[in-house]
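Below: work28.cif (mmCIF, C-alpha atoms)
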```
data_protein
#
loop_
_atom_site.label_atom_id
_atom_site.label_comp_id
_atom_site.auth_asym_id
_atom_site.auth_seq_id
_atom_site.Cartn_x
_atom_site.Cartn_y
_atom_site.Cartn_z
CA MET A 1 139.28 52.83 66.55
CA PRO A 2 137.74 52.77 70.04
CA ALA A 3 134.89 50.36 70.67
CA MET A 4 131.40 51.89 70.44
CA ASN A 5 127.87 51.01 71.51
CA ARG A 6 129.01 49.08 74.57
CA LEU A 7 125.85 49.83 76.59
CA SER A 8 122.34 48.52 76.16
CA ALA A 9 119.00 50.05 77.10
CA ARG A 10 118.61 47.43 79.84
CA ALA A 11 122.05 48.20 81.25
CA VAL A 12 121.25 51.93 81.34
CA ALA A 13 118.22 51.15 83.48
CA THR A 14 119.84 48.58 85.83
CA LEU A 15 123.48 49.61 86.29
CA GLY A 16 124.48 50.76 89.76
CA PHE A 17 126.50 53.72 90.95
CA GLY A 18 129.50 54.56 88.74
CA LYS A 19 130.66 55.81 85.34
CA TYR A 20 130.21 53.65 82.25
CA ALA A 21 131.62 54.17 78.76
CA ASP A 22 129.47 53.60 75.69
CA GLY A 23 132.44 54.36 73.46
CA ALA A 24 133.95 57.21 71.43
CA GLY A 25 133.70 59.59 74.37
CA LEU A 26 130.06 58.97 75.34
CA TRP A 27 129.66 58.19 79.04
CA LEU A 28 126.90 57.45 81.50
CA HIS A 29 127.30 58.56 85.10
CA LYS A 30 124.89 56.68 87.37
CA ARG A 31 124.22 58.22 90.77
CA GLU A 32 123.54 56.44 94.05
CA ASP A 33 119.90 57.59 93.96
CA GLY A 34 119.34 55.65 90.73
CA GLY A 35 119.40 58.65 88.43
CA GLY A 36 121.97 59.20 85.75
CA GLN A 37 123.55 61.77 83.46
CA TRP A 38 124.89 61.44 79.94
CA PHE A 39 128.07 63.33 79.07
CA LEU A 40 130.48 63.51 76.16
CA ARG A 41 134.24 63.73 76.57
CA TYR A 42 136.15 65.31 73.71
CA THR A 43 139.35 67.22 73.05
CA ILE A 44 139.35 70.54 71.20
CA HIS A 45 142.34 72.85 70.67
CA GLY A 46 144.38 70.57 72.90
CA ARG A 47 141.91 70.95 75.78
CA ARG A 48 139.85 68.09 77.21
CA ARG A 49 136.23 68.95 77.89
CA GLU A 50 133.06 67.29 79.20
CA MET A 51 129.65 68.22 77.84
CA GLY A 52 126.39 67.24 79.54
CA LEU A 53 123.78 65.65 77.28
CA GLY A 54 120.89 65.34 79.69
CA SER A 55 119.37 62.97 82.24
CA SER A 56 119.27 59.25 81.45
CA LEU A 57 115.67 59.29 82.70
CA GLU A 58 114.72 61.74 79.94
CA VAL A 59 117.27 61.07 77.18
CA THR A 60 117.30 57.54 75.77
CA LEU A 61 120.46 55.68 74.84
CA LYS A 62 119.62 56.12 71.17
CA GLU A 63 119.10 59.89 71.58
CA ALA A 64 122.36 60.22 73.54
CA ARG A 65 124.27 58.43 70.77
CA GLU A 66 122.70 60.64 68.08
CA ALA A 67 123.62 63.79 70.00
CA ALA A 68 127.17 62.52 70.55
CA THR A 69 127.53 61.83 66.83
CA GLU A 70 126.42 65.40 66.01
CA TYR A 71 128.81 66.97 68.51
CA ARG A 72 131.76 64.80 67.43
CA ALA A 73 131.18 66.10 63.90
CA GLN A 74 131.49 69.65 65.22
CA VAL A 75 134.80 68.75 66.88
CA ARG A 76 136.07 67.41 63.54
CA ALA A 77 135.07 70.79 62.04
CA ASN A 78 137.24 72.46 64.68
CA LYS A 79 134.22 73.83 66.57
CA ASP A 80 133.75 73.53 70.31
CA PRO A 81 130.28 71.91 70.86
CA ILE A 82 129.80 73.61 74.22
CA LYS A 83 130.40 77.07 72.77
CA GLU A 84 128.26 76.27 69.72
CA ARG A 85 125.38 75.21 71.94
CA GLU A 86 125.69 78.39 74.00
CA ARG A 87 125.76 80.49 70.83
CA ILE A 88 122.58 78.86 69.53
CA ARG A 89 120.85 79.39 72.86
CA ARG A 90 121.84 83.07 72.91
CA GLU A 91 120.49 83.59 69.41
CA ALA A 92 117.26 81.84 70.31
CA ASP A 93 116.88 84.00 73.42
CA HIS A 94 117.52 87.14 71.38
CA ASN A 95 114.95 86.16 68.78
CA ARG A 96 112.31 85.50 71.39
CA ASN A 97 112.93 88.79 73.16
CA LEU A 98 113.24 91.26 70.30
CA LEU A 99 111.63 94.62 70.98
CA LYS A 100 109.26 94.23 68.02
CA ASP A 101 107.90 90.97 69.45
CA ILE A 102 107.56 92.30 72.99
CA ALA A 103 105.84 95.44 71.64
CA ALA A 104 103.36 93.33 69.68
CA ASP A 105 102.67 91.22 72.76
CA ALA A 106 102.18 94.32 74.92
CA PHE A 107 99.77 95.78 72.37
CA GLU A 108 97.81 92.52 72.26
CA ALA A 109 97.53 92.55 76.06
CA ARG A 110 96.16 96.10 76.08
CA LYS A 111 93.65 95.79 73.23
CA ALA A 112 90.68 95.31 75.55
CA GLN A 113 91.42 98.71 77.11
CA LEU A 114 91.59 100.53 73.78
CA LYS A 115 88.84 101.99 71.66
CA GLY A 116 87.75 99.44 69.06
CA ASP A 117 90.44 97.03 70.30
CA GLY A 118 93.05 99.46 68.96
CA MET A 119 92.16 98.69 65.34
CA ALA A 120 92.54 102.34 64.34
CA GLY A 121 96.23 102.05 65.19
CA ARG A 122 96.50 105.23 67.25
CA TRP A 123 98.05 103.43 70.22
CA PHE A 124 100.57 101.38 68.29
CA SER A 125 101.46 103.71 65.43
CA PRO A 126 103.82 106.10 67.34
CA ILE A 127 106.11 103.26 68.41
CA GLU A 128 105.63 101.37 65.15
CA GLN A 129 106.64 104.36 63.02
CA HIS A 130 109.36 105.97 65.13
CA VAL A 131 110.89 103.27 67.38
CA LEU A 132 110.60 99.82 65.82
CA PRO A 133 112.27 100.68 62.47
CA LYS A 134 115.55 101.28 64.34
CA LEU A 135 115.22 99.27 67.57
CA GLY A 136 112.70 96.58 66.62
CA LYS A 137 115.29 93.85 65.94
CA MET A 138 117.25 94.63 69.09
CA PRO A 139 116.88 92.43 72.19
CA VAL A 140 114.74 94.34 74.64
CA THR A 141 117.18 93.52 77.44
CA GLU A 142 119.92 95.47 75.66
CA ILE A 143 118.01 98.71 75.12
CA ASN A 144 119.34 101.64 77.12
CA GLN A 145 118.72 105.38 77.38
CA ARG A 146 121.18 106.21 74.60
CA ASP A 147 119.30 103.97 72.18
CA VAL A 148 116.01 105.66 73.09
CA ARG A 149 117.55 109.13 72.82
CA ASP A 150 118.96 108.40 69.38
CA VAL A 151 115.60 107.31 67.90
CA MET A 152 113.73 110.21 69.51
CA THR A 153 116.16 112.99 68.60
CA PRO A 154 114.88 113.50 65.02
CA ILE A 155 111.30 114.17 66.20
CA TRP A 156 111.80 115.44 69.74
CA HIS A 157 111.27 119.10 68.81
CA THR A 158 109.58 118.88 65.41
CA LYS A 159 106.90 116.30 66.34
CA ALA A 160 106.76 116.84 70.06
CA ASP A 161 103.36 115.28 70.75
CA THR A 162 104.17 112.18 68.69
CA ALA A 163 107.54 111.84 70.41
CA MET A 164 105.91 111.97 73.84
CA LYS A 165 103.37 109.32 72.82
CA ALA A 166 106.12 107.08 71.44
CA MET A 167 108.07 107.42 74.70
CA GLN A 168 104.99 106.61 76.75
CA ARG A 169 104.24 103.53 74.64
CA LEU A 170 107.87 102.39 74.91
CA ARG A 171 107.71 102.73 78.70
CA ILE A 172 104.66 100.42 78.72
CA VAL A 173 106.45 97.91 76.49
CA LEU A 174 109.46 97.82 78.84
CA GLN A 175 107.12 97.32 81.80
CA HIS A 176 105.50 94.45 79.90
CA ALA A 177 108.93 92.92 79.28
CA ALA A 178 109.75 93.18 82.99
CA ALA A 179 106.44 91.46 83.80
CA LEU A 180 107.55 88.62 81.51
CA GLY A 181 110.61 88.22 83.72
CA LEU A 182 113.11 89.88 81.38
CA ASP A 183 115.96 91.93 82.81
CA VAL A 184 115.20 95.31 81.22
CA ASP A 185 116.08 98.85 82.23
CA LEU A 186 112.76 100.29 83.38
CA GLN A 187 114.36 103.73 83.73
CA ALA A 188 115.63 103.86 80.16
CA VAL A 189 112.83 106.12 78.93
CA ASP A 190 113.10 108.58 81.83
CA LYS A 191 116.86 108.75 81.50
CA ALA A 192 116.48 109.32 77.74
CA ARG A 193 114.18 112.26 78.46
CA ALA A 194 116.88 113.75 80.65
CA LEU A 195 119.35 113.40 77.79
CA LEU A 196 116.94 114.90 75.26
CA GLY A 197 116.23 117.99 77.35
CA GLN A 198 113.25 120.33 77.24
CA GLN A 199 111.16 120.33 74.07
CA ARG A 200 111.10 123.64 72.18
CA HIS A 201 107.67 122.87 70.77
CA LYS A 202 104.77 124.05 72.90
CA ALA A 203 101.35 122.56 72.57
CA LYS A 204 98.73 124.97 71.25
CA ASN A 205 95.15 124.97 72.34
CA ILE A 206 92.59 124.54 69.56
CA PRO A 207 91.27 128.04 68.77
CA ALA A 208 87.76 128.58 70.12
CA LEU A 209 85.18 131.36 69.99
CA HIS A 210 84.34 133.06 73.25
CA TRP A 211 80.97 131.70 74.33
CA LYS A 212 79.43 135.13 73.89
CA GLU A 213 80.34 135.05 70.18
CA VAL A 214 78.94 131.58 69.52
CA PRO A 215 75.21 132.55 69.29
CA ALA A 216 75.86 134.94 66.39
CA PHE A 217 77.80 132.27 64.54
CA TYR A 218 75.12 129.68 65.26
CA ARG A 219 72.37 131.93 63.89
CA SER A 220 74.40 132.49 60.71
CA LEU A 221 74.17 128.78 59.91
CA ASP A 222 70.83 129.16 58.16
CA GLU A 223 71.22 127.42 54.79
CA GLY A 224 69.99 124.00 55.88
CA SER A 225 72.97 122.29 54.23
CA VAL A 226 74.67 119.24 55.74
CA THR A 227 77.64 121.36 56.83
CA HIS A 228 75.46 124.02 58.47
CA LEU A 229 73.28 121.48 60.24
CA ALA A 230 76.26 119.43 61.45
CA LEU A 231 77.90 122.53 62.90
CA ARG A 232 74.66 123.54 64.58
CA LEU A 233 74.23 120.15 66.25
CA LEU A 234 77.91 120.11 67.19
CA ILE A 235 77.45 123.42 69.03
CA LEU A 236 74.16 122.40 70.66
CA THR A 237 75.39 119.07 72.05
CA GLY A 238 79.02 119.78 72.95
CA ALA A 239 79.89 116.42 71.36
CA ARG A 240 83.17 115.56 69.74
CA SER A 241 83.37 115.80 65.98
CA GLY A 242 83.77 112.07 65.34
CA PRO A 243 80.59 110.82 67.03
CA LEU A 244 78.65 113.85 65.76
CA ARG A 245 79.63 113.31 62.13
CA ASN A 246 78.79 109.60 62.42
CA ILE A 247 75.48 110.07 64.21
CA ARG A 248 72.82 107.61 63.06
CA GLU A 249 69.05 107.79 63.34
CA ASP A 250 69.00 104.53 65.32
CA GLN A 251 71.15 106.17 68.02
CA ILE A 252 68.35 108.64 68.82
CA ASP A 253 65.58 107.56 71.17
CA GLY A 254 63.13 110.36 71.89
CA ASP A 255 65.17 113.27 73.19
CA VAL A 256 68.29 111.23 74.03
CA TRP A 257 71.21 110.51 71.73
CA THR A 258 73.28 107.49 72.83
CA ILE A 259 76.83 107.37 71.52
CA PRO A 260 78.15 103.76 71.35
CA ALA A 261 81.08 102.91 73.62
CA GLU A 262 83.38 102.20 70.67
CA ALA A 263 82.85 105.77 69.44
CA MET A 264 83.72 107.34 72.80
CA LYS A 265 87.24 108.55 73.48
CA GLY A 266 88.76 106.52 76.30
CA ALA A 267 85.95 103.94 76.34
CA LYS A 268 87.05 100.56 77.71
CA ASP A 269 83.84 98.54 77.70
CA LYS A 270 80.17 98.74 76.81
CA THR A 271 79.33 100.52 80.05
CA ASN A 272 81.08 103.57 78.64
CA GLU A 273 78.40 104.41 76.09
CA PHE A 274 77.40 108.02 76.55
CA ARG A 275 73.93 109.59 76.62
CA ILE A 276 73.44 113.18 75.48
CA PRO A 277 70.12 114.92 76.21
CA LEU A 278 68.76 116.67 73.14
CA SER A 279 67.28 120.12 73.51
CA THR A 280 64.18 121.23 71.64
CA GLU A 281 66.43 123.15 69.26
CA ALA A 282 68.63 120.09 68.70
CA LEU A 283 65.59 117.99 67.81
CA LYS A 284 64.61 120.61 65.22
CA VAL A 285 68.08 120.39 63.67
CA ILE A 286 67.86 116.59 63.58
CA ASP A 287 64.46 116.77 61.83
CA LEU A 288 66.00 119.00 59.17
CA ALA A 289 69.00 116.68 58.82
CA ARG A 290 66.77 113.67 58.11
CA ALA A 291 66.12 115.13 54.67
CA HIS A 292 69.81 114.54 53.87
CA ALA A 293 70.12 111.15 55.59
CA ARG A 294 71.68 108.27 53.66
CA GLU A 295 72.04 104.68 54.89
CA GLY A 296 70.98 105.80 58.35
CA TYR A 297 73.61 108.53 58.70
CA LEU A 298 72.28 112.05 59.27
CA PHE A 299 75.32 113.86 57.87
CA PRO A 300 76.50 112.00 54.73
CA SER A 301 79.23 113.34 52.50
CA VAL A 302 78.60 114.18 48.87
CA ARG A 303 80.13 110.95 47.55
CA LYS A 304 80.31 108.26 50.23
CA GLY A 305 80.65 107.95 53.98
CA VAL A 306 79.97 110.89 56.25
CA ILE A 307 80.97 114.53 56.32
CA SER A 308 84.60 115.04 57.34
CA ASP A 309 85.98 117.17 60.14
CA MET A 310 87.99 119.01 57.50
CA THR A 311 84.79 120.01 55.72
CA MET A 312 83.52 121.82 58.81
CA GLY A 313 86.94 123.27 59.56
CA MET A 314 87.40 124.57 56.02
CA PHE A 315 83.97 126.17 56.18
CA MET A 316 85.04 128.17 59.23
CA GLN A 317 88.38 128.96 57.62
CA ARG A 318 86.66 130.36 54.52
CA ARG A 319 84.82 132.69 56.86
CA LYS A 320 88.21 134.00 58.00
CA MET A 321 87.74 132.48 61.45
CA GLU A 322 90.64 131.26 63.60
CA ALA A 323 88.31 129.05 65.66
CA ARG A 324 87.81 125.41 64.72
CA PRO A 325 84.89 122.99 65.27
CA HIS A 326 86.44 121.25 68.28
CA GLY A 327 86.75 124.62 70.00
CA PHE A 328 82.99 124.80 70.58
CA ARG A 329 83.46 122.29 73.41
CA SER A 330 85.68 124.84 75.13
CA SER A 331 83.08 127.54 74.50
CA LEU A 332 80.43 125.41 76.20
CA ARG A 333 82.71 124.56 79.12
CA ASP A 334 83.56 128.22 79.70
CA TRP A 335 79.86 129.14 79.64
CA LEU A 336 79.13 126.44 82.20
CA ALA A 337 81.86 127.81 84.46
CA GLU A 338 80.98 131.49 84.09
CA GLU A 339 77.20 131.56 83.74
CA THR A 340 75.90 128.53 85.63
CA GLU A 341 76.32 126.93 89.01
CA ALA A 342 76.80 123.48 87.54
CA PRO A 343 78.89 121.23 89.81
CA TYR A 344 82.26 120.23 88.42
CA GLU A 345 81.17 116.60 87.93
CA VAL A 346 78.11 117.64 85.92
CA ALA A 347 80.01 120.19 83.81
CA GLU A 348 82.73 117.68 82.95
CA THR A 349 80.18 114.99 82.15
CA MET A 350 78.50 117.47 79.74
CA LEU A 351 81.61 117.06 77.57
CA GLY A 352 81.84 113.29 78.02
CA HIS A 353 84.94 113.56 80.21
CA ILE A 354 85.73 110.73 82.64
CA VAL A 355 85.38 112.08 86.18
CA GLY A 356 86.99 110.48 89.24
CA GLY A 357 89.01 107.32 89.74
CA SER A 358 87.92 103.81 88.86
CA VAL A 359 86.65 103.04 92.38
CA GLU A 360 84.67 106.27 92.56
CA ARG A 361 83.13 105.61 89.14
CA ALA A 362 82.23 102.06 90.15
CA TYR A 363 80.11 103.37 93.03
CA ARG A 364 78.64 106.32 91.13
CA ARG A 365 75.62 105.07 89.18
CA THR A 366 74.45 108.32 87.61
CA ASP A 367 75.42 110.17 84.45
CA TYR A 368 73.59 113.33 85.63
CA LEU A 369 71.25 113.13 82.65
CA GLU A 370 68.46 115.28 84.15
CA GLN A 371 70.86 117.95 85.41
CA ARG A 372 72.52 118.05 82.01
CA ARG A 373 69.15 118.22 80.26
CA LYS A 374 68.32 121.52 81.98
CA LEU A 375 71.73 122.98 81.24
CA ILE A 376 71.76 121.95 77.58
CA GLU A 377 68.30 123.49 77.12
CA ARG A 378 69.58 126.80 78.53
CA TRP A 379 72.58 126.63 76.18
CA ALA A 380 70.31 125.92 73.21
CA THR A 381 68.04 128.85 74.08
CA LEU A 382 71.09 131.12 74.17
CA MET A 383 72.19 129.82 70.78
CA ALA A 384 68.88 129.95 68.97
CA GLY A 385 67.54 133.26 70.22
CA ASP A 386 64.86 134.28 67.69
CA VAL A 387 66.09 132.02 64.89
CA ARG A 388 63.30 130.40 62.92
CA ASP A 389 63.53 127.38 60.62
#
```

Just give me the structure of the file as structure tokens.
Amino acid sequence: MPAMNRLSARAVATLGFGKYADGAGLWLHKREDGGGQWFLRYTIHGRRREMGLGSSLEVTLKEAREAATEYRAQVRANKDPIKERERIRREADHNRNLLKDIAADAFEARKAQLKGDGMAGRWFSPIEQHVLPKLGKMPVTEINQRDVRDVMTPIWHTKADTAMKAMQRLRIVLQHAAALGLDVDLQAVDKARALLGQQRHKAKNIPALHWKEVPAFYRSLDEGSVTHLALRLLILTGARSGPLRNIREDQIDGDVWTIPAEAMKGAKDKTNEFRIPLSTEALKVIDLARAHAREGYLFPSVRKGVISDMTMGMFMQRRKMEARPHGFRSSLRDWLAEETEAPYEVAETMLGHIVGGSVERAYRRTDYLEQRRKLIERWATLMAGDVRD
């Protein structure tokens, strides 16, 4: 049996240039600059090999001997230590770079840009539901356009909007992986779209009443119920259904309703809260709604929480109407375009739309509140006509 443990810690530190055997295949190669390298010589499948074990400045004699013992055991098991080490490294790299992990990291990085830090799940759910179940455990560096095409094919035509969102999210995840220094195919999504072809599904606009028909509908909402009052305020303000249904008394200051940033679509920070001027007619509706208020909410549901969008939609459906609540925003926008001389920026701001690029918005300090106040009062007068409460 060959001699072992020939070296000492002092010798490792003081030996000059040359190669020195510790025994049983463990060697120390000292360089002229004073540094050194541990390596293990072994024979596997009739082939002699040398395996580096690290710098003698970083790996102690004891650690080098322990590593050599482990690798000699692998040789006795008819395994090549060099190949085993490479295999373990590959598996570790794959585990660190799985699509599901990169997607989670990308989502975490984008939370500050998303409404409510993305807690509602709208950003992550398309990729979570339609991509990760099949590709989540795959190394992101191995994903190509055929993989993307295969997971999108089942929903490409039947759930077109969801498929497009999932593809857009996946593109962002691949960009995030590239930013991490991973060698990914940034064109995989675009090439997959080419393979998938044109979608048969065509997006449909939400049905809306022509603005000339809205006043008659508004005046028919005369019961004073939560549903009637919510629809009336929805029409008068041009707000989205979500903020309108969740309106609270503490959001109203005089004749201004301030929607919190977290309730605004596309809001990224607290500067994105949105003020809506309230017309005289809108203030009357709010006064009537206070009789129904519960826990600060003006439009509570019968049991708990607030009135749902479906409640308002079903009300219109029972009246045999094709139009839906969200369509009143289109009615207002068309009226602004056809019957007023409102500048584009003011008209778009009436609906809470983001106007201009980030630099332009940074320099623009107005939300056109006074201009919008005059326009919303005209709209309210058109709606109310001779209606009396």

Selected residue, from A:Glu273, A:Glu249, A:Asp101, A:Asp183, that lies nearest to A:Tyr297 when counting only C-alpha atoms: A:Glu249

Just how far from atom CA of A:Leu236 is atom CA of A:Glu370, in Å to one decimal?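 So the two atoms, atom CA of A:Glu370 and atom CA of A:Leu236, lie 16.3 Å apart.
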
Name the residues that the PyMOL selection byres ((chain A and resi 227) around 8) picks from the file above, as a list in words, using the file's chain letters and numbers.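 In the shown coordinates, the PyMOL selection byres ((chain A and resi 227) around 8) covers Ser225, Val226, His228, Leu229, Ala230, Leu231, Phe299, Ile307, Thr311, Met312 and Phe315 of chain A.
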
Distance atom CA of A:Trp38-atom CA of A:Ala24, one decimal place? 13.1 Å

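In this model, the gap between atom CA of A:Ile82 and atom CA of A:Gly52 comes to 9.0 Å.
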
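Using all atoms listed in the file, the protein and nucleic acid residues lying no more than 12 Å from A:Pro126, apart from those fewer than 4 places from it along its own chain, are Ala103, Gly121, Arg122, His130, Val131, Leu132, Pro133, Val151, Met152, Ile155, Lys159, Ala160, Asp161, Thr162, Ala163, Met164, Lys165, Ala166, Met167, Gln168, Arg169 and Leu170 of chain A.
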
Nearest residue to A:Ser331 out of A:Ala104, A:Ile127, A:Val12, A:Ala208, using only C-alpha atoms?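 Nearest to A:Ser331: A:Ala208.
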
Resolved residues for the PyMOL selection byres ((chain A and resi 80) around 10) as a PyMOL selection string: chain A and resi 42-45+49+71-72+74-79+81-85

Using all atoms listed in the file, which of the listed residues (A:Trp123, A:Arg10, A:Gly238, A:Lys100) sits closest to A:Met138? A:Lys100

Residues near A:Glu32, cut-off 12 Å, only C-alpha atoms, skip fewer than 3 positions along chain, as a VMD selection string: chain A and resid 14 to 19 29 35 to 37

Applied to this file, what does the PyMOL selection byres ((chain A and resi 257) around 6) return in terms of residues, put as a list in words?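 So the PyMOL selection byres ((chain A and resi 257) around 6), applied here, picks out Gln251, Ile252, Val256, Thr258, Arg275 and Ile276 of chain A.
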
Taking the point (75.2, 115.5, 81.8) as given in the file, collect each protein or nucleic acid residue that comes within 9 Å of it, counting all atoms listed in the file, and present the set as an mmCIF file with C-alpha atoms, in the coordinates of the input.
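Result saved to selection-v1.cif:
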```
data_model
loop_
_atom_site.group_PDB
_atom_site.id
_atom_site.type_symbol
_atom_site.label_atom_id
_atom_site.label_comp_id
_atom_site.auth_asym_id
_atom_site.auth_seq_id
_atom_site.Cartn_x
_atom_site.Cartn_y
_atom_site.Cartn_z
ATOM 1 C CA ARG A 275 73.930 109.590 76.620
ATOM 2 C CA ILE A 276 73.440 113.180 75.480
ATOM 3 C CA PRO A 277 70.120 114.920 76.210
ATOM 4 C CA GLU A 345 81.170 116.600 87.930
ATOM 5 C CA VAL A 346 78.110 117.640 85.920
ATOM 6 C CA ALA A 347 80.010 120.190 83.810
ATOM 7 C CA GLU A 348 82.730 117.680 82.950
ATOM 8 C CA THR A 349 80.180 114.990 82.150
ATOM 9 C CA MET A 350 78.500 117.470 79.740
ATOM 10 C CA LEU A 351 81.610 117.060 77.570
ATOM 11 C CA GLY A 352 81.840 113.290 78.020
ATOM 12 C CA ASP A 367 75.420 110.170 84.450
ATOM 13 C CA TYR A 368 73.590 113.330 85.630
ATOM 14 C CA LEU A 369 71.250 113.130 82.650
ATOM 15 C CA GLU A 370 68.460 115.280 84.150
ATOM 16 C CA GLN A 371 70.860 117.950 85.410
ATOM 17 C CA ARG A 372 72.520 118.050 82.010
ATOM 18 C CA ARG A 373 69.150 118.220 80.260
ATOM 19 C CA LEU A 375 71.730 122.980 81.240
ATOM 20 C CA ILE A 376 71.760 121.950 77.580
#
```

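Proximity ranking of A:Leu26, A:Ile102, A:Ala9, A:Leu298 relative to A:Leu61 places A:Ala9 first, based on all atoms listed in the file.
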
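Counting all atoms listed in the file and comparing A:Glu281, A:Asp190, A:Glu70, A:Glu91, the residue that lies closest to A:Arg232 is A:Glu281.
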
Would you pick out the contacts of A:Val148 at 8 Å or less, using all atoms listed in the file, so that residues sharing its chain but fewer than 6 positions from it are not included, and give the list as a PyMOL selection string? chain A and resi 188-189+192
